[in-house]
Each structure stands twice: as structure tokens, then as C-alpha cells.
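Asker: Take this structure, written in C-alpha cells, and hold onto it; I'll ask about it next.
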Amino acid sequence: MPTKPAFLSVVSLTSFTSLASAAVLGLGVLTLTACQSDDTGAAPSTTSSSPAAPAAGTSGTPTASTAPAAPASASPGEGDGRSSTSKGGGSKTGTPRSGTSKGGGSKGGGDATSDSYAFTHPCTPQQLSVHVTGRSGAPSQRVIAVRNTGQRSCGLSYYPLVHLDNAKAPNGERAVHPMIPSGLGGAPAFPVYAGATAYAVIDLDPSGATTGTVPGIDELNVLPDGDHMPNAATLGFPLPAATPVLHPKLGLYRTTVADAVSSMRSADYQS
């Protein structure tokens, strides 16, 4: 068998060595490239679309420091001067329709601005101011204004206790009592809110008579609540001398003078 030339073996070995070196070098380049990718800190492609965790205090839910403060609750409304819309007053002999509370309290609760509070808390003389004035265009009529100067609602009797007398007469010897409306019924008292005023109107001489009137009357006496106040709380208001008084009429407490006049005109029962 012929022998292969020696230089062919050397060439083959050299070619093999070169190919092997090239392969090793290529592998080394790939390995280095992979290592360099890891060294850059780039996130793997499988997680690059995942959202980053939100920083503290930047999420959609307000934290304690960013949540809006709760609004302060309103006060019960004491002393707010709102008027009752009741259509009646208070008396032990009957009660008119109850008013509608404007104080935000339930009628069955204990809110100091509600009708229900007034029904169970009679007005005291200390929390009331009482004024008597003439009515324009009606010389025989007087307006009795009872204002609640306290900070809580309170209840009055249906009408004030009123009598006409001579200031110098002892023991009410000449007292004249007015007629009042009959057929009362409803709530247990006339509610008066803090700052509100209840009105009652009395006509001293509804007929306008100039003769046959009661002589010597010069005082109008008013007890704002005859159901709960002592007689000592009665207030006296002077009348001009020779004021005509004959079969006077008194109306129930109302929230307006006009309504009080209407009530007075319906008086048909001698008090």
C-alpha cells in the first residue's frame, strides 16, 4: 500500500487545530456576550412588561395623610331662632295640631330643637320675655308676644291666662276674663323654638260699644303658661284710663299675628 505524504498529515492536523480554536473562540465570544448582558442589569424579557410596585402613598387608595378630613357635624341648631309651624297652642283642656319640627330632630327623640322636646319641657318664666302692644288699625286689640330667649325649645299652654282688672283693686275684685276658642285638641303643648315668638291677640271690646263697658279697667294681666307657671309669674301691663272693655275675646298662641287674630275671632267659650 502506498504511503501518504507526510505534509498532508501536518496540513490536516493544522486545519483541525484551527477549526477547534475557532470553535473555542466562538464559544468564548458567546459566553462573554452573555455575561456582559447580565452585567448591564437589564431585566429579563419575560418580566420587562410587569408593572413596578407603587411607591408608598401613591396608590389609588387614600392614606391617612391624604384622605379628606370628615366634615364636622352640625350642631343641633340650638338658639337658631327658627319659628314653629304649629297651628295651635297648649292647655290641659285640649290641644291643637302639633307643629312641624325645623330643628332636624325626630319627633320621637330628645333633640332640644324638636317639637317632642318642647312637649316634655314646659317654658319657664326665666326663659321668656313678654310684651304687649297695640295693633295698628284695631284700637281695641292688643298683641301679646311671648319670646323664647333660651337656647332650647319649650312648650306653652294653648293660650296665656289673661284677665283685665283695676290695678288698685284688691284680690282681683273687678277681674274680667275673656272668652277663648272651644273644641281644642291635638299635641300636648304649643312648641316655641329658641329665639322664636308665640303670639296671642285679645280684643278688649269686640263689639266696639261705647256704653255699657266695664268701668275702672286699667291693667292687662298675663300669665304666659297657666298650666305650669305659678300665679306669681303673672305680669301686669297698664292700659290707658277709660279703656273700653266689654265681652273681651282671646285667641290661642300662633306663630303669626294674623293667625292669632283669626283664632281670637273664633273665641266662643268663657274662660
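Identifiers for the C-alpha cells are assigned positionally: chains receive A, B, ... in sequence, residues are indexed from 1 per chain, and ligands are indexed from 1 in the order shown.
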Counting only C-alpha atoms, what is within 6 Å of stretch 204-221 of chain A, bar same-chain residues fewer than 6 positions away, as a list in words?

Answerer: Ser140, Val162, His163, Leu164, Asp165, Asn166, Ala167, Leu235, Gly236, Phe237, Pro238, Leu239, Ala241, Pro244, Val245, Leu246 and Pro248 of chain A

Asker: Tell me which protein, DNA and RNA residues are within 10 Å of A:His121, counting only C-alpha atoms, leaving out same-chain ones fewer than 6 positions away, and put them as a VMD selection string.

Answerer: chain A and resid 112 115 152 to 156 189 191

Asker: Give me a file of those residues, with N, CA and C atoms, as a compact mmCIF listing (two decimals), in the first residue's frame.

Answerer:
```
# COMPACT_ATOMS: atom_id res chain seq x y z
N ALA A 112 -83.11 68.91 71.41
CA ALA A 112 -83.54 70.12 72.10
C ALA A 112 -84.14 71.15 71.16
N ASP A 115 -90.06 69.48 68.28
CA ASP A 115 -91.36 69.59 68.93
C ASP A 115 -91.46 68.66 70.13
N ARG A 152 -83.05 76.40 74.19
CA ARG A 152 -83.73 75.14 73.89
C ARG A 152 -85.21 75.39 73.64
N SER A 153 -85.82 74.50 72.91
CA SER A 153 -87.26 74.59 72.70
C SER A 153 -87.98 74.41 74.03
N CYS A 154 -89.19 74.94 74.08
CA CYS A 154 -90.01 74.72 75.27
C CYS A 154 -91.47 74.79 74.85
N GLY A 155 -92.34 74.33 75.74
CA GLY A 155 -93.75 74.27 75.41
C GLY A 155 -94.58 75.22 76.26
N LEU A 156 -95.56 75.86 75.62
CA LEU A 156 -96.50 76.73 76.31
C LEU A 156 -97.88 76.09 76.34
N ALA A 189 -98.73 70.57 73.84
CA ALA A 189 -98.25 71.92 74.13
C ALA A 189 -98.02 72.66 72.83
N PRO A 191 -95.26 74.36 70.84
CA PRO A 191 -93.80 74.41 70.86
C PRO A 191 -93.27 75.77 70.41
```

Asker: Please list as JSON, numbers by chain every residue within 7 Å of A:Gln270, counting only C-alpha atoms and excluding residues in the same chain fewer than 3 positions away.

Answerer: {"A": [178, 179, 180]}

Asker: Please provide as a compact mmCIF listing (two decimals) with N, CA and C atoms, in the first residue's frame all residues within 12 Å of A:Ile144, with the sequence filter that same-chain residues fewer than 4 positions apart are discarded (counting only C-alpha atoms).

Answerer:
```
# COMPACT_ATOMS: atom_id res chain seq x y z
N SER A 129 -89.56 86.33 77.42
CA SER A 129 -89.82 87.76 77.53
C SER A 129 -91.21 88.01 76.98
N VAL A 130 -91.98 88.85 77.66
CA VAL A 130 -93.37 89.08 77.28
C VAL A 130 -93.59 90.56 77.01
N HIS A 131 -94.22 90.86 75.88
CA HIS A 131 -94.52 92.24 75.51
C HIS A 131 -95.98 92.34 75.07
N VAL A 132 -96.60 93.46 75.39
CA VAL A 132 -97.97 93.73 74.96
C VAL A 132 -97.96 95.05 74.20
N THR A 133 -98.49 95.01 72.99
CA THR A 133 -98.55 96.21 72.14
C THR A 133 -99.91 96.33 71.50
N GLY A 134 -100.26 97.56 71.10
CA GLY A 134 -101.49 97.77 70.37
C GLY A 134 -101.34 97.29 68.94
N ARG A 135 -102.47 96.98 68.31
CA ARG A 135 -102.45 96.53 66.92
C ARG A 135 -102.91 97.66 66.02
N TYR A 159 -102.95 78.85 75.36
CA TYR A 159 -103.15 80.30 75.35
C TYR A 159 -102.66 80.86 76.69
N PRO A 160 -102.34 82.13 76.74
CA PRO A 160 -101.94 82.71 78.02
C PRO A 160 -103.17 82.92 78.91
N LEU A 161 -102.96 82.86 80.20
CA LEU A 161 -104.04 83.21 81.12
C LEU A 161 -104.06 84.73 81.22
N VAL A 162 -105.19 85.31 80.86
CA VAL A 162 -105.31 86.76 80.81
C VAL A 162 -106.55 87.20 81.59
N THR A 197 -91.02 83.43 68.59
CA THR A 197 -92.04 84.16 69.35
C THR A 197 -93.42 83.56 69.09
N ALA A 198 -94.18 83.41 70.16
CA ALA A 198 -95.57 82.99 70.06
C ALA A 198 -96.45 84.22 70.27
N TYR A 199 -97.52 84.31 69.47
CA TYR A 199 -98.40 85.48 69.54
C TYR A 199 -99.81 85.06 69.94
N ALA A 200 -100.42 85.89 70.80
CA ALA A 200 -101.84 85.75 71.12
C ALA A 200 -102.43 87.15 71.05
N VAL A 201 -103.66 87.24 70.56
CA VAL A 201 -104.32 88.55 70.41
C VAL A 201 -105.59 88.57 71.25
N ILE A 202 -105.79 89.67 71.95
CA ILE A 202 -107.00 89.87 72.72
C ILE A 202 -107.70 91.13 72.22
N ASP A 203 -108.99 91.03 72.05
CA ASP A 203 -109.80 92.18 71.69
C ASP A 203 -110.60 92.57 72.94
N LEU A 220 -103.87 95.05 82.12
CA LEU A 220 -103.97 93.75 81.44
C LEU A 220 -102.94 92.83 82.08
N ASN A 221 -103.42 91.75 82.69
CA ASN A 221 -102.53 90.81 83.39
C ASN A 221 -102.35 89.55 82.55
N VAL A 222 -101.09 89.11 82.42
CA VAL A 222 -100.75 87.99 81.55
C VAL A 222 -99.89 86.98 82.30
N LEU A 223 -100.34 85.73 82.32
CA LEU A 223 -99.52 84.60 82.78
C LEU A 223 -99.25 83.76 81.54
N PRO A 224 -98.01 83.72 81.05
CA PRO A 224 -97.73 83.06 79.76
C PRO A 224 -98.18 81.62 79.68
N LEU A 235 -97.69 88.88 84.89
CA LEU A 235 -97.15 90.20 84.58
C LEU A 235 -98.30 91.17 84.34
N GLY A 236 -98.17 92.41 84.85
CA GLY A 236 -99.20 93.42 84.65
C GLY A 236 -98.78 94.48 83.65
N PHE A 237 -99.67 94.78 82.70
CA PHE A 237 -99.39 95.80 81.68
C PHE A 237 -100.48 96.87 81.77
N LEU A 250 -110.11 86.33 73.49
CA LEU A 250 -108.69 85.99 73.44
C LEU A 250 -108.48 84.77 72.54
N GLY A 251 -107.48 84.83 71.67
CA GLY A 251 -107.18 83.70 70.80
C GLY A 251 -106.06 82.83 71.34
N LEU A 252 -105.80 81.73 70.63
CA LEU A 252 -104.74 80.81 71.00
C LEU A 252 -103.38 81.35 70.54
N TYR A 253 -102.33 80.77 71.08
CA TYR A 253 -100.99 81.10 70.59
C TYR A 253 -100.87 80.69 69.14
N ARG A 254 -100.24 81.57 68.36
CA ARG A 254 -99.97 81.30 66.96
C ARG A 254 -98.57 81.82 66.62
N THR A 255 -98.08 81.43 65.47
CA THR A 255 -96.74 81.85 65.07
C THR A 255 -96.73 83.19 64.34
N THR A 256 -97.91 83.68 63.95
CA THR A 256 -98.02 84.99 63.31
C THR A 256 -99.17 85.77 63.94
N VAL A 257 -99.09 87.09 63.86
CA VAL A 257 -100.15 87.93 64.41
C VAL A 257 -101.46 87.70 63.65
N ALA A 260 -103.10 84.70 64.85
CA ALA A 260 -103.59 84.92 66.21
C ALA A 260 -104.90 85.71 66.19
N VAL A 261 -105.02 86.66 65.27
CA VAL A 261 -106.27 87.42 65.13
C VAL A 261 -107.40 86.49 64.70
N MET A 264 -108.52 84.52 67.63
CA MET A 264 -109.27 85.33 68.58
C MET A 264 -110.73 85.49 68.13
```

Asker: Could you please determine the separation between atom CA of A:Ser182 and atom CA of A:Tyr269 in Å, to one decimal place?

Answerer: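 Interatomic distance here is 5.7 Å.
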
Asker: Find, counting only C-alpha atoms, the residue in A:Ala145, A:Pro188, A:Arg174, A:Ala242 that gets nearest to A:Leu128.

Answerer: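 Closest candidate: A:Ala145.
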
Asker: Can you work out which one of A:Val146, A:Ala233, A:Ala187, A:Asp268 has the shortest atom-to-atom distance to A:Ala118, counting only C-alpha atoms?

Answerer: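 Result for the nearest residue to A:Ala118: A:Ala187.
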
Asker: Between A:Ser116, A:Ser157, A:Asn171, A:Asn148, which has the minimum distance to A:Ala196 (counting only C-alpha atoms)?

Answerer: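 Under the stated criterion, the closest residue is A:Asn148.
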
Asker: Select from stretch 114-150 of chain A everything DSSP, run on the backbone, classes as strand (DSSP E or B), then give the selection as an mmCIF file with C-alpha atoms, in the first residue's frame.

Answerer:
```cif
data_model
loop_
_atom_site.group_PDB
_atom_site.id
_atom_site.type_symbol
_atom_site.label_atom_id
_atom_site.label_comp_id
_atom_site.auth_asym_id
_atom_site.auth_seq_id
_atom_site.Cartn_x
_atom_site.Cartn_y
_atom_site.Cartn_z
ATOM 1 C CA PRO A 122 -92.541 73.483 79.629
ATOM 2 C CA LEU A 128 -89.330 84.100 78.286
ATOM 3 C CA SER A 129 -89.818 87.762 77.531
ATOM 4 C CA VAL A 130 -93.373 89.076 77.284
ATOM 5 C CA HIS A 131 -94.519 92.244 75.508
ATOM 6 C CA VAL A 132 -97.966 93.732 74.962
ATOM 7 C CA THR A 133 -98.545 96.209 72.142
ATOM 8 C CA GLY A 134 -101.491 97.770 70.369
ATOM 9 C CA ARG A 135 -102.446 96.526 66.922
ATOM 10 C CA ALA A 138 -107.580 97.975 65.640
ATOM 11 C CA PRO A 139 -107.562 100.201 68.746
ATOM 12 C CA SER A 140 -109.376 97.686 70.942
ATOM 13 C CA GLN A 141 -106.920 94.860 70.219
ATOM 14 C CA ARG A 142 -103.662 94.025 71.990
ATOM 15 C CA VAL A 143 -100.918 91.709 70.759
ATOM 16 C CA ILE A 144 -99.270 89.531 73.424
ATOM 17 C CA ALA A 145 -95.822 88.468 72.196
ATOM 18 C CA VAL A 146 -94.038 85.723 74.141
ATOM 19 C CA ARG A 147 -90.448 85.162 73.012
ATOM 20 C CA ASN A 148 -88.264 82.201 73.942
#
```

Asker: In Å, with one decimal, what is the gap from atom CA of A:Cys123 to atom CA of A:Arg265?

Answerer: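 According to the coordinates, atom CA of A:Cys123 and atom CA of A:Arg265 are separated by 26.2 Å.
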
Asker: Would you mind reading off the distance between atom CA of A:Pro125 and atom CA of A:Gly183, one decimal, in Å?

Answerer: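 For atom CA of A:Pro125 relative to atom CA of A:Gly183, the distance reads 27.5 Å.
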